[in-house]
Amino acid sequence: MIAPPAVELNAVTKIFDTGDNSVTALRDVDLRIARGEFVSVVGPSGCGKSTILRLILGLTTPSDGEVRVFGVPITKPHDDVGMVFQKPTLLPWLNILDNVLFPIRHKTGRVTPNDIATARDLLDMVHLGDFESHRPSELSGGMQQRAAIARALLHDPHLLLMDEPFSALDALT
C-alpha cells in the first residue's frame, strides 16, 4: 500500500468575503507534497502563499475543493502540523520558556517535566538556552523568531510549515 502524500490540495479555491466585495486568494489550486519533501512556495506579496499554509494548518477552510494532510481531510487545526508564522507572536507577559510551552499548556492544561526538558533542549538548539527566563521585549527580533521556531517544534510535528520565518534572523543562525 502506498502512503498518501503529506499534503494534498485538490481544486482548492479560497475567497475572502469582505462585506462589500470579495477577494479571491486562490483559484483551483492542485498541490501534492510527498512525505520527506522540502518545498518552498515563492511568489509576490498577496498571491496566496500564507493562505495555502493556513489551509494546510486548518486555520481556515477552502471555499471550494479539499485539503488533506497525510490522507486526512482538514477542517480544523490538528496536531500533525507545526507552524512558524511571519511574526513570532510571543505573549509579552510570559518568559521565553513559558512561550515555548504555551501550546501544550493551552491544549492539555498542564506541562510535564518531560515537556520542560524538551523545551529547554529546543531552546539550546536555537541558541536561546541562556534566555529562557527573559521576556520577548528583552530579545532581538531574530531571537524572538528562534523562540517561535522552538515552540513550533515542541510537539514534534510530522509536518512543519514556515511562513517567511527567516526574515528576522540574525547572522548567528
# chains A, B, ... in the order shown; residues from 1 in each chain; ligands from 1

call {"tool": "residues_around", "arguments": {"residues": "region 76-80 of chain A", "least_positions_apart": "3", "cutoff": "8 Å", "atoms": "only C-alpha atoms", "output": "CSV table (one decimal) with N, CA and C atoms, in the first residue's frame"}}
result
chain,number,residue,atom,x,y,z
A,57,LEU,N,-2.8,24.0,7.7
A,57,LEU,CA,-2.9,24.0,9.1
A,57,LEU,C,-4.3,23.8,9.7
A,58,GLY,N,-5.3,24.2,8.9
A,58,GLY,CA,-6.7,24.1,9.3
A,58,GLY,C,-7.2,25.4,10.0
A,59,LEU,N,-6.5,26.5,9.9
A,59,LEU,CA,-6.9,27.7,10.5
A,59,LEU,C,-8.0,28.4,9.6
A,60,THR,N,-8.1,28.0,8.4
A,60,THR,CA,-9.2,28.5,7.5
A,60,THR,C,-9.6,27.3,6.6
A,61,THR,N,-10.8,27.3,6.1
A,61,THR,CA,-11.3,26.3,5.2
A,61,THR,C,-11.4,26.8,3.8
A,155,HIS,N,6.0,20.0,20.0
A,155,HIS,CA,5.2,18.7,19.9
A,155,HIS,C,5.6,17.8,18.8
A,157,PRO,N,6.1,17.8,15.4
A,157,PRO,CA,5.1,17.7,14.4
A,157,PRO,C,5.6,16.8,13.2
A,158,HIS,N,4.8,16.2,12.5
A,158,HIS,CA,5.2,15.4,11.3
A,158,HIS,C,5.4,16.3,10.1
A,159,LEU,N,4.8,17.5,10.2
A,159,LEU,CA,4.9,18.5,9.1
A,159,LEU,C,5.2,19.8,9.7

call {"tool": "residues_around", "arguments": {"residues": "region 110-127 of chain A", "least_positions_apart": "5", "cutoff": "12 Å", "atoms": "only C-alpha atoms", "output": "PyMOL selection string"}}
result
chain A and resi 96-105+132-133+142-156+169-170+172-173

call {"tool": "residues_around", "arguments": {"residues": "Asp30 (chain A)", "least_positions_apart": "5", "cutoff": "12 Å", "atoms": "only C-alpha atoms", "output": "list of chain:residue names"}}
result
A:Val7, A:Glu8, A:Leu9, A:Asn10, A:Ala11, A:Val12, A:Thr13, A:Ile52, A:Asp64, A:Gly65, A:Glu66, A:Val67, A:Arg68

call {"tool": "closest_residue", "arguments": {"among": "A:Pro62, A:Pro4, A:Pro136, A:Pro73", "to": "Pro92 (chain A)", "atoms": "only C-alpha atoms"}}
result
A:Pro136

call {"tool": "residues_around", "arguments": {"residues": "Glu164 (chain A)", "least_positions_apart": "6", "cutoff": "12 Å", "atoms": "only C-alpha atoms", "output": "list in words"}}
result
Ser40, Val41, Val42, Gly43, Ser45, Lys49, Ser50, Leu53, Met83, Val84, Phe85, Gln86, Lys87, Pro88, Gln145 and Ile149 of chain A

call {"tool": "select_by_dssp", "arguments": {"residues": "chain A", "states": "helix (DSSP H, G or I)", "output": "number ranges by chain"}}
result
A: 49-57, 96-108, 113-125, 129-131, 136-138, 141-153

call {"tool": "atom_distance", "arguments": {"atom1": "CA of Ala6 (chain A)", "atom2": "CA of Val69 (chain A)"}}
result
5.4 Å

call {"tool": "select_by_dssp", "arguments": {"residues": "chain A", "states": "strand (DSSP E or B)", "output": "ChimeraX atom specification"}}
result
/A:7-17,22-33,64-69,72-73,81-84,159-162
